[in-house]
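**Student:** Structure incoming, see below.
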Amino acid sequence: MNFVTAVQTLVDAGVDFVIIGGWSAILHGSSHTTNDLDLCFSRQSENLKCLAQALAAFHPRLRDLPGNLPFVWDEVTLRNGTVFTLSTDLGAIDLLAEVTGVGDFDKVKAHSELIQAFDRSVWTLDLPSLIRAKRAAGREKDLRVLPELESLLDAREPE
Amino acid sequence: MRQYHPLTPAELARAEERLCHPTPGGRIEAAQRFGIDLTLLIEQLRLTPAERVRRMHEVCQAAEQMRGAARRDRK
């Protein structure tokens, strides 16, 4: 797993994306660990091309696809879907065109913060929106992290 | 869409105080009852986002090495 390299590669390639999920929680101060990198990506044509090219070197493949079935990783594939759960040489990377509880990429970007991390400037979902997304997702693993995120939000609240 | 602002020393002190002494009936106290170790949050808040990423990256790398070693031992 090397999500630092993954993020750096995407930033350097000019991909328009926002870090969501577990790594966003970590950026905001969560102590939970995560096994994957969740990203929300812009579906603009040029961005799909950049995204496809940037990740190609790390041999992305759908995690739920049987090994004997062919999978073509390119901008056309990206255009034809909104959720991609990928295994790559760098680890599991999930690409989402929209985030439950927040909306499409433009809404996600509007609720994001530019943060210095991964030795780059990266966009990540702001803490209130991350909480909203986790609550809306409603899976056990999302709900489990909510008390911690809400504590971080309350601890940071101005007086 | 905005620039992330790290906590000022005064804001960090206030956040630590809230986490060390949660308001009764508040969400921080509820999180503590839920089993969240609030001291870990204090530790995380003292770090910059870049330091949090670096630390988590090291944890991931260490976990991967352990998994690799466990796999090799099973063979």
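Ordering of the structure tokens sets the chain letters (A, B, ...); residue numbers start at 1 within each chain; ligands are numbered from 1 in the order shown.
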Set the distance at 12 Å and use only C-alpha atoms: which residues neighbour Gly81 (chain A) once local chain neighbours fewer than 2 positions away are removed? I'd like the list as a list in words.

**Tutor:**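 Non-adjacent residues within range: Phe41, Arg43, Leu48, Leu62, Trp73, Asp74, Glu75, Val76, Thr77, Leu78, Arg79, Val83, Phe84, Thr85, Leu95, Leu96, Ala97 and Glu98 of chain A.
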
**Student:** Quick one: residues within 6 Å of His111 (chain A), only C-alpha atoms counted, chain neighbours fewer than 2 positions away excluded, as an NGL selection string?

**Tutor:** (:A and (108-109 or 125-126)) or (:B and (1))

**Student:** Please provide the set of residues having any atom within 9 Å of region 2-12 of chain A, restricted to only C-alpha atoms, with same-chain residues fewer than 4 positions apart removed, written as an MDAnalysis selection string.

**Tutor:** (chainID A and resid 16:17 19 36:37 50:51 54:55 58 89:93 118:122) or (chainID B and resid 53:54 57 60:61)

**Student:** Select, as an MDAnalysis selection string, those residues of chain B with any atom no more than 6 Å from chain A (distances computed using only C-alpha atoms).

**Tutor:** chainID B and resid 1:4 15 18 28 31 44:45 49:50

**Student:** Would you save the residues of that selection, restricted to N, CA and C atoms, as a compact mmCIF listing (two decimals), in the first residue's frame?

**Tutor:**
# COMPACT_ATOMS: atom_id res chain seq x y z
N MET B 1 -15.77 25.70 -0.57
CA MET B 1 -14.41 25.52 -1.06
C MET B 1 -13.53 26.59 -0.42
N ARG B 2 -12.60 26.17 0.39
CA ARG B 2 -11.78 27.15 1.07
C ARG B 2 -10.46 26.52 1.51
N GLN B 3 -9.59 27.36 1.98
CA GLN B 3 -8.30 26.90 2.48
C GLN B 3 -8.50 26.34 3.89
N TYR B 4 -7.87 25.22 4.17
CA TYR B 4 -7.92 24.65 5.52
C TYR B 4 -7.10 25.53 6.47
N ALA B 15 -9.69 23.14 22.33
CA ALA B 15 -10.10 21.81 21.87
C ALA B 15 -9.63 20.74 22.86
N ARG B 18 -11.79 20.75 25.92
CA ARG B 18 -13.09 20.12 25.67
C ARG B 18 -12.98 18.59 25.63
N ILE B 28 -19.15 14.82 22.79
CA ILE B 28 -17.81 14.32 23.13
C ILE B 28 -17.91 13.29 24.26
N ALA B 31 -19.20 10.16 22.84
CA ALA B 31 -18.16 9.42 22.12
C ALA B 31 -17.27 8.65 23.10
N GLN B 44 -3.73 13.57 17.89
CA GLN B 44 -3.89 13.84 16.45
C GLN B 44 -4.03 15.33 16.17
N LEU B 45 -4.79 16.01 17.04
CA LEU B 45 -5.01 17.45 16.81
C LEU B 45 -3.72 18.25 16.95
N PRO B 49 -1.96 18.23 9.40
CA PRO B 49 -2.49 17.20 8.50
C PRO B 49 -1.37 16.40 7.81
N ALA B 50 -0.31 17.08 7.43
CA ALA B 50 0.81 16.39 6.76
C ALA B 50 1.43 15.35 7.70

**Student:** Would you compute the distance between CA of Ser87 (chain A) and CA of His59 (chain A)? Give it in Å to one decimal.

**Tutor:**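 One can read the CA of Ser87 (chain A) to CA of His59 (chain A) distance as 8.1 Å.
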
**Student:** For a test of reading the model, state the distance in Å between CA of Ser42 (chain A) and CA of Ile20 (chain A), rounded to one decimal.

**Tutor:** 13.3 Å

**Student:** What does the structure give for the distance between CA of Thr8 (chain B) and CA of Ser129 (chain A), in Å to one decimal?

**Tutor:**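 That distance, rounded to one decimal, is 22.2 Å.
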
**Student:** Of the candidates A:Val102, A:Val72, A:Leu86, A:Leu39, which shows the shortest atom-to-atom distance to Gly22 (chain A), using only C-alpha atoms?

**Tutor:**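 The shortest atom-to-atom distance to Gly22 (chain A) comes from A:Leu39.
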
**Student:** Got a sec to tell me which of chain A DSSP assigns to helix (DSSP H, G or I), as a VMD selection string?

**Tutor:** chain A and resid 3 to 12 21 to 27 45 to 56 75 to 79 105 to 110 127 to 137 140 to 156
